[in-house]
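Pasting final-v9.tsv here (TSV, C-alpha atoms):
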chain	number	residue	atom	x	y	z
A	1	LYS	CA	44.90	47.72	42.19
A	2	ALA	CA	46.84	49.04	45.18
A	3	GLY	CA	50.15	50.73	44.46
A	4	VAL	CA	53.46	50.37	46.22
A	5	THR	CA	53.09	51.20	49.89
A	6	GLN	CA	55.95	52.47	52.00
A	7	THR	CA	55.88	52.93	55.76
A	8	PRO	CA	56.54	55.04	57.65
A	9	ARG	CA	56.26	58.13	55.44
A	10	TYR	CA	58.25	60.35	57.79
A	11	LEU	CA	60.55	59.61	60.66
A	12	ILE	CA	63.16	61.36	62.75
A	13	LYS	CA	66.07	59.55	64.35
A	14	THR	CA	69.25	60.55	66.11
A	15	ARG	CA	72.79	59.63	65.20
A	16	GLY	CA	73.76	56.13	66.20
A	17	GLN	CA	70.23	54.76	66.13
A	18	GLN	CA	68.96	52.29	63.60
A	19	VAL	CA	65.90	52.40	61.38
A	20	THR	CA	63.77	49.88	59.51
A	21	LEU	CA	61.70	50.88	56.50
A	22	SER	CA	59.00	48.75	54.95
A	23	CYS	CA	57.78	48.34	51.39
A	24	SER	CA	54.76	46.41	50.14
A	25	PRO	CA	54.92	45.92	46.36
A	26	ILE	CA	52.07	45.77	43.92
A	27	SER	CA	50.36	42.40	44.05
A	28	GLY	CA	52.08	39.99	41.70
A	29	HIS	CA	55.34	41.93	41.52
A	30	ARG	CA	58.21	39.81	42.74
A	31	SER	CA	61.05	42.26	42.33
A	32	VAL	CA	61.60	45.09	44.78
A	33	SER	CA	64.36	47.66	44.63
A	34	TRP	CA	65.40	50.45	46.96
A	35	TYR	CA	66.86	53.88	46.23
A	36	GLN	CA	68.25	56.75	48.26
A	37	GLN	CA	67.48	60.25	47.07
A	38	THR	CA	69.36	63.30	48.36
A	39	PRO	CA	69.76	66.81	46.94
A	40	GLY	CA	73.50	66.35	46.55
A	41	GLN	CA	73.75	62.83	45.16
A	42	GLY	CA	70.44	62.47	43.39
A	43	LEU	CA	68.90	59.03	43.07
A	44	GLN	CA	71.18	56.19	43.99
A	45	PHE	CA	70.44	52.49	43.75
A	46	LEU	CA	70.71	50.61	47.04
A	47	PHE	CA	69.70	47.03	46.28
A	48	GLU	CA	67.25	44.81	44.46
A	49	TYR	CA	65.49	41.68	45.68
A	50	PHE	CA	63.75	39.00	43.68
A	51	SER	CA	62.09	35.99	45.24
A	52	GLU	CA	63.73	36.66	48.63
A	53	THR	CA	67.23	36.84	47.11
A	54	GLN	CA	69.36	39.93	46.74
A	55	ARG	CA	70.01	40.16	43.02
A	56	ASN	CA	72.02	43.35	42.88
A	57	LYS	CA	73.58	45.83	45.24
A	58	GLY	CA	74.72	49.43	44.97
A	59	ASN	CA	77.79	51.05	46.44
A	60	PHE	CA	76.65	51.62	49.99
A	61	PRO	CA	78.34	50.59	53.26
A	62	GLY	CA	77.35	47.47	55.12
A	63	ARG	CA	75.22	49.56	57.50
A	64	PHE	CA	72.59	49.42	54.78
A	65	SER	CA	70.89	46.07	54.50
A	66	GLY	CA	67.65	44.66	53.27
A	67	ARG	CA	65.58	41.57	52.95
A	68	GLN	CA	62.52	40.28	51.17
A	69	PHE	CA	59.86	38.02	52.53
A	70	SER	CA	57.98	35.20	50.85
A	71	ASN	CA	55.04	37.52	50.15
A	72	SER	CA	57.45	39.88	48.31
A	73	ARG	CA	57.24	42.55	50.98
A	74	SER	CA	60.63	44.05	51.64
A	75	GLU	CA	62.38	45.87	54.46
A	76	MET	CA	65.56	47.85	54.53
A	77	ASN	CA	67.56	48.61	57.62
A	78	VAL	CA	70.15	51.25	58.31
A	79	SER	CA	72.23	50.81	61.44
A	80	THR	CA	74.39	53.33	63.28
A	81	LEU	CA	72.73	56.25	61.59
A	82	GLU	CA	74.80	59.19	60.41
A	83	LEU	CA	73.68	62.71	59.56
A	84	GLY	CA	74.38	61.98	55.90
A	85	ASP	CA	71.78	59.23	55.89
A	86	SER	CA	69.04	61.85	55.93
A	87	ALA	CA	67.24	61.27	52.66
A	88	LEU	CA	64.11	60.17	50.90
A	89	TYR	CA	64.18	56.39	50.59
A	90	LEU	CA	62.19	55.10	47.67
A	91	CYS	CA	61.04	51.60	46.99
A	92	ALA	CA	59.94	50.33	43.59
A	93	SER	CA	58.45	47.10	42.39
A	94	THR	CA	58.36	45.57	38.94
A	95	ARG	CA	56.83	42.59	37.21
A	96	GLY	CA	59.94	42.21	35.07
A	97	THR	CA	59.12	44.47	32.12
A	98	GLY	CA	61.68	47.09	33.14
A	99	GLU	CA	59.01	49.57	34.20
A	100	LEU	CA	59.32	50.51	37.85
A	101	PHE	CA	56.38	51.39	40.06
A	102	PHE	CA	57.46	53.61	42.92
A	103	GLY	CA	56.05	54.21	46.34
A	104	GLU	CA	55.86	57.71	47.78
A	105	GLY	CA	58.94	57.17	49.87
A	106	SER	CA	60.02	57.32	53.48
A	107	ARG	CA	61.63	60.58	54.46
A	108	LEU	CA	64.29	60.01	57.09
A	109	THR	CA	65.77	62.86	59.08
A	110	VAL	CA	68.79	62.12	61.25
A	111	LEU	CA	69.54	64.65	63.98
B	1	ALA	CA	78.99	50.07	30.53
B	2	GLN	CA	75.88	52.17	30.38
B	3	SER	CA	75.43	55.80	31.35
B	4	VAL	CA	72.85	58.53	31.02
B	5	THR	CA	73.35	62.30	31.02
B	6	GLN	CA	70.66	64.88	31.46
B	7	LEU	CA	72.09	67.99	29.92
B	8	ASP	CA	70.17	70.58	31.95
B	9	SER	CA	69.67	70.61	35.70
B	10	HIS	CA	66.98	73.32	35.43
B	11	VAL	CA	64.70	74.36	32.58
B	12	SER	CA	62.24	77.26	32.70
B	13	VAL	CA	59.48	77.76	30.16
B	14	SER	CA	56.38	79.88	30.03
B	15	GLU	CA	52.98	78.24	30.28
B	16	GLY	CA	51.71	77.33	26.81
B	17	THR	CA	55.18	77.14	25.23
B	18	PRO	CA	57.03	73.95	24.19
B	19	VAL	CA	59.08	71.89	26.59
B	20	LEU	CA	62.37	70.19	25.72
B	21	LEU	CA	64.27	68.15	28.30
B	22	ARG	CA	67.47	66.62	26.97
B	23	CYS	CA	68.90	63.19	27.68
B	24	ASN	CA	71.90	61.46	26.14
B	25	TYR	CA	72.79	57.88	26.84
B	26	SER	CA	75.72	55.58	26.36
B	27	SER	CA	75.23	51.87	25.88
B	28	SER	CA	77.03	49.09	24.10
B	29	TYR	CA	73.70	47.63	23.02
B	30	SER	CA	70.20	48.90	22.30
B	31	PRO	CA	68.97	50.06	25.68
B	32	SER	CA	65.61	50.31	27.35
B	33	LEU	CA	65.07	53.98	28.13
B	34	PHE	CA	62.49	55.59	30.35
B	35	TRP	CA	61.38	59.01	31.48
B	36	TYR	CA	59.94	59.39	34.96
B	37	VAL	CA	58.43	62.43	36.64
B	38	GLN	CA	58.58	63.28	40.34
B	39	HIS	CA	56.36	65.87	41.96
B	40	PRO	CA	57.42	67.30	45.33
B	41	ASN	CA	57.45	64.77	48.15
B	42	LYS	CA	56.17	62.04	45.86
B	43	GLY	CA	57.60	58.93	44.28
B	44	LEU	CA	58.48	58.68	40.63
B	45	GLN	CA	55.83	58.05	38.01
B	46	LEU	CA	56.50	56.60	34.58
B	47	LEU	CA	55.92	59.04	31.73
B	48	LEU	CA	56.98	56.85	28.84
B	49	LYS	CA	59.36	54.09	27.79
B	50	TYR	CA	61.35	53.06	24.75
B	51	THR	CA	61.94	49.38	24.18
B	52	SER	CA	62.82	49.31	20.45
B	53	ALA	CA	59.29	48.91	19.10
B	54	ALA	CA	59.05	52.48	17.77
B	55	THR	CA	61.47	55.39	17.86
B	56	LEU	CA	58.80	57.98	18.67
B	57	VAL	CA	57.20	57.16	21.96
B	58	LYS	CA	54.07	58.81	23.30
B	59	GLY	CA	53.50	59.01	27.00
B	60	ILE	CA	51.06	60.39	29.49
B	61	ASN	CA	50.02	64.03	29.87
B	62	GLY	CA	50.97	64.94	26.29
B	63	PHE	CA	54.66	64.10	26.60
B	64	GLU	CA	56.60	62.25	23.95
B	65	ALA	CA	60.21	61.30	23.30
B	66	GLU	CA	62.19	60.31	20.26
B	67	PHE	CA	64.94	57.72	20.33
B	68	LYS	CA	67.77	58.74	18.01
B	69	LYS	CA	70.43	56.10	17.85
B	70	SER	CA	72.77	58.18	15.67
B	71	GLU	CA	72.75	60.95	18.28
B	72	THR	CA	72.44	58.61	21.30
B	73	SER	CA	69.63	60.83	22.53
B	74	PHE	CA	66.20	60.38	24.04
B	75	HIS	CA	64.89	63.91	24.51
B	76	LEU	CA	61.52	64.53	26.15
B	77	THR	CA	59.15	67.04	24.59
B	78	LYS	CA	55.70	68.50	25.06
B	79	PRO	CA	54.09	70.99	22.67
B	80	SER	CA	52.50	73.18	25.31
B	81	ALA	CA	53.54	73.40	28.95
B	82	HIS	CA	51.01	73.46	31.75
B	83	MET	CA	51.52	74.69	35.28
B	84	SER	CA	50.98	71.15	36.56
B	85	ASP	CA	54.07	70.01	34.61
B	86	ALA	CA	56.34	71.71	37.13
B	87	ALA	CA	58.30	68.80	38.61
B	88	GLU	CA	61.59	66.96	38.35
B	89	TYR	CA	62.14	64.65	35.41
B	90	PHE	CA	64.50	61.69	35.28
B	91	CYS	CA	65.89	59.88	32.28
B	92	VAL	CA	66.62	56.25	33.12
B	93	VAL	CA	68.37	53.39	31.38
B	94	THR	CA	67.71	49.86	32.48
B	95	PRO	CA	70.03	46.98	31.78
B	96	LEU	CA	69.31	44.01	29.60
B	97	ASN	CA	71.80	42.08	31.68
B	98	ARG	CA	70.48	41.44	35.17
B	99	ASP	CA	73.97	41.81	36.56
B	100	ASP	CA	74.00	45.47	35.52
B	101	LYS	CA	72.37	48.19	37.58
B	102	ILE	CA	69.63	50.59	36.62
B	103	ILE	CA	71.05	54.06	36.00
B	104	PHE	CA	69.25	57.32	36.71
B	105	GLY	CA	70.11	60.66	35.24
B	106	LYS	CA	70.68	63.45	37.74
B	107	GLY	CA	67.30	64.95	36.95
B	108	THR	CA	66.00	68.12	35.32
B	109	ARG	CA	63.80	70.42	37.31
B	110	LEU	CA	61.17	71.98	35.10
B	111	HIS	CA	59.85	75.41	36.10
B	112	ILE	CA	56.71	76.78	34.49
B	113	LEU	CA	56.40	80.55	34.36
B	114	PRO	CA	52.90	82.05	34.36
Output the file's structure in the form of structure tokens.
Amino acid sequence: KAGVTQTPRYLIKTRGQQVTLSCSPISGHRSVSWYQQTPGQGLQFLFEYFSETQRNKGNFPGRFSGRQFSNSRSEMNVSTLELGDSALYLCASTRGTGELFFGEGSRLTVL
Amino acid sequence: AQSVTQLDSHVSVSEGTPVLLRCNYSSSYSPSLFWYVQHPNKGLQLLLKYTSAATLVKGINGFEAEFKKSETSFHLTKPSAHMSDAAEYFCVVTPLNRDDKIIFGKGTRLHILP
């Protein structure tokens, strides 16, 4: 069974640009959540989607957005990038048991 | 409101000696608690989970954790450390109420000394 797939794995952007990250969950998992991981702040919850609806949202500015498609694949977008957005962005899927299955992450560097 | 505190940001042990990573939680109801491990440049992998079936939970790679309600703790242990255990470990509490958010501890980096 394929795991959670995140693309791209690495990317470099400059301030002011925008970025879109993709996450394909494990087959049959309908819930996808996103997290930002930085050395200073640790792991922070961004948002969770279930059946194409945002079910929960963390404390991030409106520049951070996401969506989920009918096949449960999810994307997150960050607009007007800032240096502080440099981080590892992790996606996780779940079948509703509480256990999260994580992808390997997308490492974003903002210059 | 729920919270989780990992008491040590770094722990160093020698290979072959026991590992203890400490986690305390706060919850107004019986929580679901998890330990995840993250190796460098990787995602998180589930080590074990507590969901009220048994207080002593066994996980992968020889790790186990004991839920102690009286102490509000869920410490992770392993009898004998291996070099491959060097990683960052996260204690996590997940909500029963879908309106609540999942909460991660700040992580404990485990160093294994040869």
Requested in this report: Please return, as a PyMOL selection string, all residues of chain B lying within 6 Å of chain A when only C-alpha atoms are considered.
Outcome: chain B and resi 42-44+106
Ser70 in chain B environment, 12 Å, only C-alpha atoms, sequence neighbours closer than 4 positions dropped, as a compact mmCIF listing (two decimals) with C-alpha atoms, keeping the file's coordinate frame:
# COMPACT_ATOMS: atom_id res chain seq x y z
CA ASN B 24 71.90 61.46 26.14
CA TYR B 25 72.79 57.88 26.84
CA SER B 26 75.72 55.58 26.36
CA SER B 30 70.20 48.90 22.30
CA THR B 55 61.47 55.39 17.86
CA GLU B 66 62.19 60.31 20.26
CA PHE B 74 66.20 60.38 24.04
TODO: Write out as a list in words each polymer residue whose atoms come within 12 Å of Ser79 in chain A, counting all atoms listed in the file; drop sequence neighbours fewer than 4 positions from it.
DONE: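 What passes the distance filter is Lys13, Thr14, Arg15, Gly16, Gln17, Gln18, Val19, Thr20, Leu21, Pro61, Gly62, Arg63, Phe64, Ser65, Gly66, Asp85 and Val110 of chain A.
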Using only C-alpha atoms, which protein or nucleic acid residues come within 12 Å of Leu76 in chain B? Drop anything in the same chain fewer than 5 positions from it, and give the result as a PDB file with C-alpha atoms, keeping the file's coordinate frame.
ATOM      1  CA  GLN B   6      70.660  64.880  31.460  1.00  0.00           C
ATOM      2  CA  LEU B   7      72.090  67.990  29.920  1.00  0.00           C
ATOM      3  CA  PRO B  18      57.030  73.950  24.190  1.00  0.00           C
ATOM      4  CA  VAL B  19      59.080  71.890  26.590  1.00  0.00           C
ATOM      5  CA  LEU B  20      62.370  70.190  25.720  1.00  0.00           C
ATOM      6  CA  LEU B  21      64.270  68.150  28.300  1.00  0.00           C
ATOM      7  CA  ARG B  22      67.470  66.620  26.970  1.00  0.00           C
ATOM      8  CA  CYS B  23      68.900  63.190  27.680  1.00  0.00           C
ATOM      9  CA  ASN B  24      71.900  61.460  26.140  1.00  0.00           C
ATOM     10  CA  LEU B  33      65.070  53.980  28.130  1.00  0.00           C
ATOM     11  CA  PHE B  34      62.490  55.590  30.350  1.00  0.00           C
ATOM     12  CA  TRP B  35      61.380  59.010  31.480  1.00  0.00           C
ATOM     13  CA  TYR B  36      59.940  59.390  34.960  1.00  0.00           C
ATOM     14  CA  VAL B  37      58.430  62.430  36.640  1.00  0.00           C
ATOM     15  CA  LEU B  47      55.920  59.040  31.730  1.00  0.00           C
ATOM     16  CA  LEU B  48      56.980  56.850  28.840  1.00  0.00           C
ATOM     17  CA  LYS B  49      59.360  54.090  27.790  1.00  0.00           C
ATOM     18  CA  TYR B  50      61.350  53.060  24.750  1.00  0.00           C
ATOM     19  CA  LEU B  56      58.800  57.980  18.670  1.00  0.00           C
ATOM     20  CA  VAL B  57      57.200  57.160  21.960  1.00  0.00           C
ATOM     21  CA  LYS B  58      54.070  58.810  23.300  1.00  0.00           C
ATOM     22  CA  GLY B  59      53.500  59.010  27.000  1.00  0.00           C
ATOM     23  CA  ILE B  60      51.060  60.390  29.490  1.00  0.00           C
ATOM     24  CA  GLY B  62      50.970  64.940  26.290  1.00  0.00           C
ATOM     25  CA  PHE B  63      54.660  64.100  26.600  1.00  0.00           C
ATOM     26  CA  GLU B  64      56.600  62.250  23.950  1.00  0.00           C
ATOM     27  CA  ALA B  65      60.210  61.300  23.300  1.00  0.00           C
ATOM     28  CA  GLU B  66      62.190  60.310  20.260  1.00  0.00           C
ATOM     29  CA  PHE B  67      64.940  57.720  20.330  1.00  0.00           C
ATOM     30  CA  LYS B  68      67.770  58.740  18.010  1.00  0.00           C
ATOM     31  CA  TYR B  89      62.140  64.650  35.410  1.00  0.00           C
ATOM     32  CA  PHE B  90      64.500  61.690  35.280  1.00  0.00           C
ATOM     33  CA  CYS B  91      65.890  59.880  32.280  1.00  0.00           C
ATOM     34  CA  VAL B  92      66.620  56.250  33.120  1.00  0.00           C
ATOM     35  CA  THR B 108      66.000  68.120  35.320  1.00  0.00           C
ATOM     36  CA  LEU B 110      61.170  71.980  35.100  1.00  0.00           C
TER      37      LEU B 110
END
Handout entry: Atomic distance CA of Gly107 in chain B - CA of Thr109 in chain A, expressed in Å with one decimal
Key =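 Separating CA of Gly107 in chain B from CA of Thr109 in chain A is a distance of 22.3 Å.
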| In terms of the shortest atom-to-atom distance over only C-alpha atoms, which of A:Gly3, A:Pro8, A:Gly96, A:Gly84 is closest to Ser22 in chain A? |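 Using only C-alpha atoms, the shortest distance to Ser22 in chain A belongs to A:Pro8.
What separates CA of Asn59 in chain A from CA of Ala87 in chain B is a distance of 27.5 Å.
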With a distance cut-off of 10 Å and all atoms listed in the file, select the neighbouring residues of Ala2 in chain A, excluding the residue or stretch itself and same-chain residues fewer than 5 positions from it, and output the selection as a VMD selection string. chain A and resid 24 to 27
Computed gap from CA of Arg73 in chain A to CA of Phe60 in chain A is 21.4 Å
One residue among B:Lys101, B:Glu88, B:Arg109, B:Ser14 is nearest to Gln45 in chain B when using only C-alpha atoms, and that residue is B:Glu88
For range 71-85 of chain A of the block above, can you save all heavy atoms as a short mmCIF file (atom, residue, chain, number, x, y, z; two decimals), in the first residue's frame?
data_model
loop_
_atom_site.label_atom_id
_atom_site.label_comp_id
_atom_site.auth_asym_id
_atom_site.auth_seq_id
_atom_site.Cartn_x
_atom_site.Cartn_y
_atom_site.Cartn_z
N ASN A 71 -10.86 13.36 -4.80
CA ASN A 71 -10.10 12.10 -4.63
C ASN A 71 -9.25 12.13 -3.36
O ASN A 71 -8.38 11.28 -3.19
CB ASN A 71 -9.22 11.86 -5.86
CG ASN A 71 -8.18 12.95 -6.06
OD1 ASN A 71 -8.14 13.94 -5.31
ND2 ASN A 71 -7.34 12.79 -7.07
N SER A 72 -9.50 13.10 -2.50
CA SER A 72 -8.84 13.29 -1.20
C SER A 72 -7.45 13.90 -1.29
O SER A 72 -6.88 14.25 -0.26
CB SER A 72 -8.77 11.98 -0.38
OG SER A 72 -10.06 11.57 -0.03
N ARG A 73 -6.92 14.04 -2.48
CA ARG A 73 -5.65 14.74 -2.61
C ARG A 73 -5.81 16.17 -2.13
O ARG A 73 -6.89 16.77 -2.25
CB ARG A 73 -5.18 14.74 -4.07
CG ARG A 73 -3.75 15.23 -4.26
CD ARG A 73 -3.33 15.13 -5.73
NE ARG A 73 -4.01 16.10 -6.58
CZ ARG A 73 -3.61 17.35 -6.76
NH1 ARG A 73 -2.51 17.80 -6.14
NH2 ARG A 73 -4.28 18.16 -7.57
N SER A 74 -4.74 16.70 -1.56
CA SER A 74 -4.85 18.05 -0.99
C SER A 74 -3.68 18.90 -1.48
O SER A 74 -2.60 18.39 -1.81
CB SER A 74 -4.84 17.97 0.54
OG SER A 74 -4.87 19.26 1.12
N GLU A 75 -3.91 20.18 -1.53
CA GLU A 75 -2.87 21.16 -1.82
C GLU A 75 -2.91 22.24 -0.76
O GLU A 75 -3.96 22.55 -0.22
CB GLU A 75 -3.09 21.81 -3.19
CG GLU A 75 -2.87 20.91 -4.37
CD GLU A 75 -3.07 21.63 -5.70
OE1 GLU A 75 -3.65 22.74 -5.70
OE2 GLU A 75 -2.67 21.06 -6.73
N MET A 76 -1.74 22.78 -0.48
CA MET A 76 -1.70 23.99 0.32
C MET A 76 -0.93 25.05 -0.45
O MET A 76 -0.03 24.75 -1.24
CB MET A 76 -1.09 23.78 1.70
CG MET A 76 0.37 23.43 1.75
SD MET A 76 1.07 23.69 3.41
CE MET A 76 1.22 25.48 3.44
N ASN A 77 -1.31 26.28 -0.23
CA ASN A 77 -0.72 27.40 -0.94
C ASN A 77 -0.27 28.44 0.07
O ASN A 77 -0.96 28.71 1.05
CB ASN A 77 -1.75 28.00 -1.91
CG ASN A 77 -1.18 29.11 -2.74
OD1 ASN A 77 -1.12 30.26 -2.29
ND2 ASN A 77 -0.75 28.79 -3.94
N VAL A 78 0.89 28.99 -0.19
CA VAL A 78 1.36 30.12 0.62
C VAL A 78 1.64 31.26 -0.34
O VAL A 78 2.44 31.11 -1.28
CB VAL A 78 2.62 29.79 1.42
CG1 VAL A 78 2.95 30.94 2.38
CG2 VAL A 78 2.47 28.48 2.18
N SER A 79 0.99 32.38 -0.14
CA SER A 79 1.19 33.53 -1.02
C SER A 79 2.10 34.54 -0.34
O SER A 79 2.31 34.50 0.88
CB SER A 79 -0.15 34.16 -1.36
OG SER A 79 -0.77 34.64 -0.17
N THR A 80 2.65 35.42 -1.14
CA THR A 80 3.51 36.51 -0.64
C THR A 80 4.50 35.97 0.40
O THR A 80 4.50 36.33 1.58
CB THR A 80 2.68 37.63 -0.01
OG1 THR A 80 1.50 37.87 -0.80
CG2 THR A 80 3.49 38.93 0.04
N LEU A 81 5.35 35.09 -0.06
CA LEU A 81 6.26 34.39 0.84
C LEU A 81 7.16 35.34 1.62
O LEU A 81 7.62 36.36 1.10
CB LEU A 81 7.12 33.40 0.05
CG LEU A 81 6.42 32.12 -0.39
CD1 LEU A 81 7.25 31.39 -1.45
CD2 LEU A 81 6.17 31.22 0.81
N GLU A 82 7.39 34.96 2.87
CA GLU A 82 8.30 35.69 3.75
C GLU A 82 9.44 34.75 4.15
O GLU A 82 9.29 33.52 4.08
CB GLU A 82 7.55 36.17 4.99
CG GLU A 82 6.38 37.08 4.68
CD GLU A 82 5.60 37.47 5.92
OE1 GLU A 82 5.96 37.01 7.03
OE2 GLU A 82 4.62 38.24 5.79
N LEU A 83 10.54 35.35 4.59
CA LEU A 83 11.69 34.53 4.99
C LEU A 83 11.29 33.53 6.06
O LEU A 83 11.75 32.38 6.08
CB LEU A 83 12.83 35.41 5.51
CG LEU A 83 13.47 36.36 4.50
CD1 LEU A 83 14.55 37.19 5.18
CD2 LEU A 83 14.06 35.59 3.33
N GLY A 84 10.40 33.94 6.96
CA GLY A 84 9.99 33.09 8.07
C GLY A 84 9.13 31.91 7.66
O GLY A 84 8.83 31.05 8.49
N ASP A 85 8.76 31.86 6.39
CA ASP A 85 7.97 30.72 5.91
C ASP A 85 8.86 29.53 5.57
O ASP A 85 8.34 28.45 5.26
CB ASP A 85 7.15 31.12 4.68
CG ASP A 85 6.13 32.20 4.98
OD1 ASP A 85 5.67 32.29 6.14
OD2 ASP A 85 5.78 32.97 4.06
#
